[in-house]
$ cat protein.cif   # mmCIF, C-alpha atoms
data_my_file
loop_
_atom_site.label_atom_id
_atom_site.label_comp_id
_atom_site.auth_asym_id
_atom_site.auth_seq_id
_atom_site.Cartn_x
_atom_site.Cartn_y
_atom_site.Cartn_z
CA LEU A 1 65.36 -71.51 21.10
CA ASN A 2 64.56 -74.31 18.66
CA THR A 3 65.09 -71.89 15.78
CA VAL A 4 68.41 -70.73 17.20
CA ARG A 5 69.56 -74.31 17.70
CA GLY A 6 68.50 -75.23 14.14
CA ALA A 7 70.30 -72.20 12.71
CA ILE A 8 73.51 -73.04 14.54
CA THR A 9 73.42 -76.66 13.35
CA LEU A 10 72.54 -75.59 9.78
CA ASP A 11 69.37 -77.67 9.82
CA ILE A 12 67.65 -76.94 6.50
CA PRO A 13 64.11 -77.92 7.67
CA THR A 14 64.46 -75.29 10.42
CA PHE A 15 65.27 -72.65 7.79
CA VAL A 16 62.30 -73.78 5.69
CA ARG A 17 59.89 -73.55 8.65
CA PHE A 18 61.25 -70.15 9.57
CA ARG A 19 60.87 -68.92 5.98
CA ASP A 20 57.26 -70.12 5.85
CA SER A 21 56.27 -68.76 9.27
CA LYS A 22 54.28 -65.61 9.83
CA ASP A 23 56.19 -62.32 10.28
CA THR A 24 59.47 -63.86 9.15
CA PHE A 25 61.13 -60.47 8.78
CA ARG A 26 60.02 -59.22 12.18
CA ARG A 27 61.14 -62.40 13.91
CA GLY A 28 64.50 -62.39 12.17
CA VAL A 29 65.19 -58.74 13.01
CA THR A 30 64.15 -59.39 16.62
CA ILE A 31 66.71 -62.20 16.90
CA LEU A 32 69.41 -59.98 15.38
CA VAL A 33 68.69 -57.10 17.77
CA LEU A 34 68.60 -59.41 20.80
CA VAL A 35 71.97 -60.91 19.81
CA ALA A 36 73.48 -57.43 19.49
CA LEU A 37 72.06 -56.35 22.86
CA ILE A 38 73.28 -59.49 24.64
CA VAL A 39 76.78 -59.13 23.21
CA GLY A 40 76.80 -55.41 23.90
CA MET A 41 75.71 -55.94 27.51
CA VAL A 42 79.07 -57.51 28.38
CA ALA A 43 80.97 -54.73 26.59
CA PHE A 44 78.78 -52.17 28.38
CA ALA A 45 79.71 -53.57 31.80
CA VAL A 46 83.42 -53.79 30.95
CA ASP A 47 83.56 -50.27 29.48
CA PHE A 48 81.56 -48.77 32.35
CA ILE A 49 83.74 -50.30 35.06
CA GLY A 50 86.88 -49.48 33.07
CA GLY A 51 85.70 -45.89 32.64
CA LEU A 52 85.25 -45.50 36.39
CA ILE A 53 88.66 -46.96 37.16
CA ASN A 54 90.55 -45.38 34.29
CA PRO A 55 88.90 -42.53 32.33
CA PRO A 56 88.66 -43.08 28.55
CA PHE A 57 90.94 -40.10 27.87
CA GLU A 58 93.69 -41.50 30.05
CA ARG A 59 93.45 -44.87 28.33
CA GLU A 60 93.64 -43.30 24.88
CA MET A 61 96.61 -41.16 25.85
CA ALA A 62 98.36 -44.20 27.33
CA GLU A 63 97.89 -46.05 24.04
CA ILE A 64 99.26 -43.08 22.06
CA GLN A 65 102.30 -42.79 24.30
CA LYS A 66 102.87 -46.53 24.08
CA GLY A 67 102.77 -46.24 20.30
CA PHE A 68 105.40 -43.48 20.42
CA GLU A 69 107.61 -45.63 22.62
CA GLN A 70 107.40 -48.54 20.21
CA TRP A 71 108.07 -46.21 17.28
CA PHE A 72 111.17 -44.79 18.93
CA GLN A 73 112.58 -48.30 19.26
CA PHE A 74 112.77 -48.67 15.47
CA ALA A 75 112.76 -45.10 14.08
CA PRO A 76 116.47 -44.36 14.65
CA GLN A 77 117.37 -47.26 12.38
CA TYR A 78 115.55 -45.79 9.40
CA MET A 79 115.49 -42.00 9.95
CA ASP A 80 118.21 -39.51 9.23
CA PRO A 81 119.82 -38.40 12.54
CA GLU A 82 119.17 -34.74 11.74
CA ASP A 83 115.49 -35.38 11.00
CA LEU A 84 115.17 -37.34 14.23
CA ALA A 85 116.79 -34.51 16.18
CA GLU A 86 114.40 -31.97 14.61
CA PHE A 87 111.47 -34.22 15.50
CA ASN A 88 112.58 -34.48 19.13
CA LYS A 89 113.23 -30.75 19.33
CA TYR A 90 110.04 -29.32 17.85
CA PHE A 91 107.30 -31.93 17.67
CA LEU A 92 107.51 -33.74 21.01
CA PRO A 93 107.44 -30.64 23.27
CA ASN A 94 104.40 -29.27 21.42
CA PHE A 95 102.71 -32.64 21.51
CA GLU A 96 103.25 -33.01 25.25
CA ALA A 97 102.00 -29.45 25.81
CA GLY A 98 98.88 -30.28 23.84
CA LEU A 99 98.30 -33.42 25.91
CA GLU A 100 98.64 -31.41 29.12
CA MET A 101 96.13 -28.86 27.85
CA VAL A 102 93.61 -31.58 27.04
CA ARG A 103 94.14 -33.18 30.46
CA LYS A 104 93.29 -29.88 32.15
CA ILE A 105 90.16 -29.47 30.04
CA VAL A 106 88.99 -33.01 30.81
CA ALA A 107 89.67 -32.45 34.53
CA LEU A 108 87.32 -29.43 34.68
CA ASP A 109 84.26 -29.84 36.88
CA THR A 110 81.05 -30.76 35.09
CA ARG A 111 77.42 -30.44 36.10
CA LEU A 112 76.99 -34.21 36.15
CA PRO A 113 79.14 -36.59 38.21
CA ARG A 114 81.80 -38.39 36.19
CA ALA A 115 80.22 -41.78 36.92
CA LEU A 116 76.94 -40.61 35.38
CA THR A 117 78.77 -39.23 32.34
CA VAL A 118 80.62 -42.51 31.82
CA PHE A 119 77.33 -44.40 32.24
CA PHE A 120 75.57 -42.42 29.50
CA GLU A 121 78.56 -42.69 27.16
CA THR A 122 78.73 -46.48 27.51
CA LEU A 123 74.94 -46.71 27.29
CA ALA A 124 75.03 -44.83 23.98
CA ASP A 125 77.61 -47.30 22.64
CA TRP A 126 75.42 -50.20 23.76
CA VAL A 127 72.26 -48.82 22.14
CA GLN A 128 73.91 -47.95 18.84
CA ARG A 129 75.40 -51.44 18.44
CA PRO A 130 72.19 -53.17 17.27
CA LEU A 131 71.41 -50.21 15.03
CA ALA A 132 74.83 -50.43 13.38
CA MET A 133 74.55 -54.20 13.06
CA LEU A 134 71.05 -53.93 11.57
CA GLY A 135 72.15 -51.24 9.12
CA GLY A 136 75.09 -53.29 7.89
CA PHE A 137 72.93 -56.41 7.62
CA LEU A 138 70.20 -54.70 5.59
CA GLY A 139 72.70 -52.97 3.33
CA TYR A 140 74.54 -56.18 2.48
CA GLY A 141 71.32 -58.20 2.33
CA ILE A 142 69.85 -56.02 -0.42
CA TRP A 143 72.94 -56.56 -2.56
CA VAL A 144 72.82 -60.33 -1.98
CA MET A 145 69.13 -60.26 -2.92
CA LEU A 146 69.98 -58.48 -6.17
CA ALA A 147 72.74 -60.99 -6.97
CA ALA A 148 70.38 -63.89 -6.24
CA LYS A 149 67.74 -62.43 -8.56
CA LEU A 150 70.33 -62.09 -11.33
CA LEU A 151 71.14 -65.79 -10.82
CA GLY A 152 67.47 -66.78 -11.14
CA GLY A 153 66.42 -66.72 -7.48
CA LYS A 154 62.69 -66.60 -6.74
CA GLY A 155 62.66 -65.46 -3.11
CA ARG A 156 60.83 -62.47 -1.69
CA LEU A 157 62.76 -59.72 0.05
CA GLN A 158 61.05 -59.95 3.47
CA GLU A 159 61.35 -63.74 3.64
CA PHE A 160 64.97 -63.62 2.54
CA LEU A 161 66.07 -60.89 4.95
CA GLY A 162 64.14 -62.43 7.84
CA THR A 163 65.72 -65.85 7.29
CA ALA A 164 69.18 -64.43 6.62
CA ALA A 165 68.98 -62.58 9.96
CA LEU A 166 69.63 -65.96 11.58
CA SER A 167 73.25 -65.40 10.51
CA SER A 168 73.55 -63.15 13.57
CA VAL A 169 73.21 -66.08 15.99
CA PRO A 170 76.90 -67.19 15.88
CA TYR A 171 77.89 -63.67 16.96
CA LEU A 172 76.77 -64.60 20.46
CA LEU A 173 80.34 -65.87 20.72
CA LEU A 174 81.38 -62.22 20.91
CA VAL A 175 80.25 -62.03 24.54
CA LEU A 176 83.90 -62.96 25.12
CA GLU A 177 85.29 -60.40 22.67
CA GLU A 178 86.96 -58.47 25.51
CA VAL A 179 89.21 -61.44 26.29
CA PRO A 180 92.64 -60.79 24.71
CA CYS A 181 93.45 -63.01 21.71
CA LEU A 182 90.40 -65.22 22.30
CA GLY A 183 88.06 -62.41 21.22
CA SER A 184 89.70 -62.13 17.79
CA ILE A 185 89.57 -65.89 17.25
CA LEU A 186 85.90 -66.06 18.24
CA GLY A 187 85.16 -63.10 15.97
CA LEU A 188 86.64 -64.98 13.01
CA VAL A 189 84.73 -68.15 13.91
CA ALA A 190 81.47 -66.17 14.20
CA TRP A 191 82.06 -64.50 10.83
CA ILE A 192 82.71 -67.83 9.04
CA TRP A 193 79.74 -69.48 10.76
CA GLY A 194 77.49 -66.52 9.96
CA THR A 195 78.56 -66.57 6.30
CA ILE A 196 77.62 -70.25 6.03
CA ILE A 197 74.18 -69.44 7.49
CA TRP A 198 73.84 -66.66 4.89
CA ILE A 199 74.45 -69.28 2.18
CA VAL A 200 71.90 -71.71 3.64
CA ALA A 201 69.29 -68.96 4.03
CA THR A 202 69.89 -67.80 0.44
CA ALA A 203 69.47 -71.32 -0.92
CA VAL A 204 66.29 -71.95 1.07
CA THR A 205 64.54 -68.66 0.29
CA HIS A 206 65.40 -68.51 -3.42
CA GLY A 207 64.25 -71.99 -4.38
CA TRP A 208 67.66 -73.61 -4.53
CA ALA A 209 66.83 -76.13 -1.78
CA VAL A 210 64.46 -78.61 -3.43
CA PRO A 211 62.70 -81.13 -1.15
CA LEU A 212 62.88 -84.78 -2.18
CA THR A 213 59.86 -86.72 -0.90
CA THR A 214 59.02 -90.36 -0.49
CA ASP A 215 56.01 -92.01 -2.13
CA GLU A 216 54.00 -91.08 0.97
CA GLY A 217 54.81 -87.38 0.51
CA VAL A 218 57.23 -87.18 3.43
CA VAL A 219 60.25 -84.95 2.87
CA GLU A 220 63.24 -87.24 3.01
CA ARG A 221 66.01 -84.71 2.29
CA TYR A 222 66.81 -81.55 0.37
CA GLU A 223 68.78 -81.27 -2.84
CA VAL A 224 70.61 -77.94 -2.65
CA ASN A 225 72.25 -75.95 -5.43
CA TRP A 226 75.11 -74.67 -3.30
CA GLY A 227 76.93 -73.10 -6.23
CA LYS A 228 74.34 -70.38 -6.90
CA ALA A 229 73.81 -69.71 -3.20
CA ILE A 230 77.53 -69.26 -2.54
CA LEU A 231 77.92 -67.06 -5.62
CA ALA A 232 75.01 -64.83 -4.58
CA VAL A 233 76.52 -64.29 -1.13
CA ILE A 234 80.08 -63.58 -2.23
CA LEU A 235 79.36 -61.55 -5.39
CA PRO A 236 78.67 -58.27 -3.51
CA ALA A 237 81.91 -58.64 -1.53
CA LEU A 238 83.86 -59.40 -4.70
CA ALA A 239 82.32 -56.40 -6.44
CA VAL A 240 83.37 -54.12 -3.58
CA ALA A 241 86.89 -55.59 -3.60
CA VAL A 242 87.21 -55.05 -7.38
CA LEU A 243 86.02 -51.45 -7.05
CA ILE A 244 88.55 -50.80 -4.28
CA ILE A 245 91.36 -52.29 -6.39
CA ILE A 246 90.33 -50.24 -9.43
CA GLY A 247 90.08 -47.09 -7.33
CA GLY A 248 93.48 -47.74 -5.78
CA LEU A 249 95.11 -48.33 -9.18
CA ALA A 250 93.48 -45.19 -10.57
CA LEU A 251 94.64 -43.13 -7.60
CA GLY A 252 98.15 -44.57 -7.94
CA GLY A 253 98.18 -43.68 -11.62
CA ILE A 254 97.11 -40.11 -10.86
CA ILE A 255 99.85 -39.75 -8.24
CA VAL A 256 102.51 -41.17 -10.58
CA ALA A 257 101.36 -38.87 -13.39
CA ALA A 258 101.46 -35.88 -11.03
CA PHE A 259 105.02 -36.72 -9.96
CA ARG A 260 106.13 -37.17 -13.56
CA SER A 261 104.62 -33.85 -14.62
CA ALA A 262 106.22 -32.14 -11.62
CA GLY A 263 109.58 -33.67 -12.50
CA GLY A 264 109.21 -32.57 -16.11
#

$ encode --input "protein.cif" --output "structure tokens"
Amino acid sequence: LNTVRGAITLDIPTFVRFRDSKDTFRRGVTILVLVALIVGMVAFAVDFIGGLINPPFEREMAEIQKGFEQWFQFAPQYMDPEDLAEFNKYFLPNFEAGLEMVRKIVALDTRLPRALTVFFETLADWVQRPLAMLGGFLGYGIWVMLAAKLLGGKGRLQEFLGTAALSSVPYLLLVLEEVPCLGSILGLVAWIWGTIIWIVATAVTHGWAVPLTTDEGVVERYEVNWGKAILAVILPALAVAVLIIIGGLALGGIIVAAFRSAGG
């Protein structure tokens, strides 16, 4: 609890103690998994109860039909009347027939009671959440480690990943992610807060947080090179963004060239 409190308040001595503790990586991963399980527990309860009241298929179909209704409010303004008439004549009847077929399949009797089926489905979602979170964390952490090394960082991988795992703590806010509007706001706050913890952990583990001591040898404060730490954390994201932009431009060029050749 002291570690969690120190991580939330961005207390650098807490990060230093955590980095220098035994089994830093194991402790950090344990905190990350516990955060994911706690957050997922609320979603598990909501999804399980919602699945009993309203089956997932019915909810998905309701969302699809709602999307069609919203689309029909604006489509006539932009579509050719003949195209719209063809759409209503051929597509909608087949789509509704397909929905009815799926409803009948879902309504077939199964060997297990529906409540038990819903339970196992929501349980699977709950269990896979920490695995997905851990996978994303490790994948991004390795790239941040590489960027830090290129910038002269001296940290070790296990110490860095273990300390950086404290960035999962702000995601405890997502226990309220099911609340409309509020969940999105808390998700953004958790992401910003977690990114700042990533920066602090990177600075501490790669030697960019230098302790300044008094004449008696007591650490008075830390002088931090925030520039390198911030750059190491954001470089992987920038690299991915640049690759996406380049890929999009290349794809656009290929499409334009294809259209030009077809027109020629």

$ resolve_selection --input "protein.cif" --expression "the PyMOL selection byres ((chain A and resi 15-29) around 7)" --output "ChimeraX atom specification"
/A:11-14,30-33,158-159,161-163,165-166,201,204-205

$ write_last_selection --input "protein.cif" --atoms "C-alpha atoms" --output "tab-separated table (two decimals), in the coordinates of the input"
chain	number	residue	atom	x	y	z
A	11	ASP	CA	69.37	-77.67	9.82
A	12	ILE	CA	67.65	-76.94	6.50
A	13	PRO	CA	64.11	-77.92	7.67
A	14	THR	CA	64.46	-75.29	10.42
A	30	THR	CA	64.15	-59.39	16.62
A	31	ILE	CA	66.71	-62.20	16.90
A	32	LEU	CA	69.41	-59.98	15.38
A	33	VAL	CA	68.69	-57.10	17.77
A	158	GLN	CA	61.05	-59.95	3.47
A	159	GLU	CA	61.35	-63.74	3.64
A	161	LEU	CA	66.07	-60.89	4.95
A	162	GLY	CA	64.14	-62.43	7.84
A	163	THR	CA	65.72	-65.85	7.29
A	165	ALA	CA	68.98	-62.58	9.96
A	166	LEU	CA	69.63	-65.96	11.58
A	201	ALA	CA	69.29	-68.96	4.03
A	204	VAL	CA	66.29	-71.95	1.07
A	205	THR	CA	64.54	-68.66	0.29

$ closest_residue --input "protein.cif" --among "A:Leu243, A:Gly227, A:Ile234, A:Ala36" --to "Leu131 of chain A" --atoms "all atoms listed in the file"
A:Ala36

$ residues_around --input "protein.cif" --residues "Val210 of chain A" --least-positions-apart "5" --cutoff "9 Å" --atoms "only C-alpha atoms" --output "PyMOL selection string"
chain A and resi 204+221-225

$ resolve_selection --input "protein.cif" --expression "the PyMOL selection byres ((chain A and resi 149) around 12)" --output "list of chain:residue names"
A:Ile142, A:Trp143, A:Val144, A:Met145, A:Leu146, A:Ala147, A:Ala148, A:Leu150, A:Leu151, A:Gly152, A:Gly153, A:Lys154, A:Gly155, A:Arg156, A:Leu157, A:Phe160, A:Thr202, A:Ala203, A:Thr205, A:His206, A:Gly207, A:Trp208, A:Lys228, A:Ala229, A:Leu231, A:Ala232, A:Val233

$ residues_around --input "protein.cif" --residues "segment 174-179 of chain A" --least-positions-apart "4" --cutoff "9 Å" --atoms "all atoms listed in the file" --output "PyMOL selection string"
chain A and resi 38-43+46+170+183-187+190

$ atom_distance --input "protein.cif" --atom1 "atom CA of Ser167 of chain A" --atom2 "atom CA of Met133 of chain A"
11.6 Å

$ atom_distance --input "protein.cif" --atom1 "atom CA of Ser168 of chain A" --atom2 "atom CA of Trp126 of chain A"
16.6 Å

$ atom_distance --input "protein.cif" --atom1 "atom CA of Val35 of chain A" --atom2 "atom CA of Asp47 of chain A"
18.5 Å

$ closest_residue --input "protein.cif" --among "A:Leu172, A:Val127, A:Leu238, A:Leu249" --to "Ile8 of chain A" --atoms "all atoms listed in the file"
A:Leu172

$ residues_near_point --input "protein.cif" --point "(78.2, -48.7, 30.5)" --cutoff "10 Å" --atoms "only C-alpha atoms" --output "list in words"
Gly40, Met41, Val42, Ala43, Phe44, Ala45, Val46, Asp47, Phe48, Ile49, Gly50, Gly51, Leu52, Ala115, Leu116, Thr117, Val118, Phe119, Phe120, Glu121, Thr122, Leu123, Ala124, Asp125 and Trp126 of chain A

$ closest_residue --input "protein.cif" --among "A:Val169, A:Ala132, A:Ser261, A:Ala164" --to "Leu1 of chain A" --atoms "all atoms listed in the file"
A:Val169
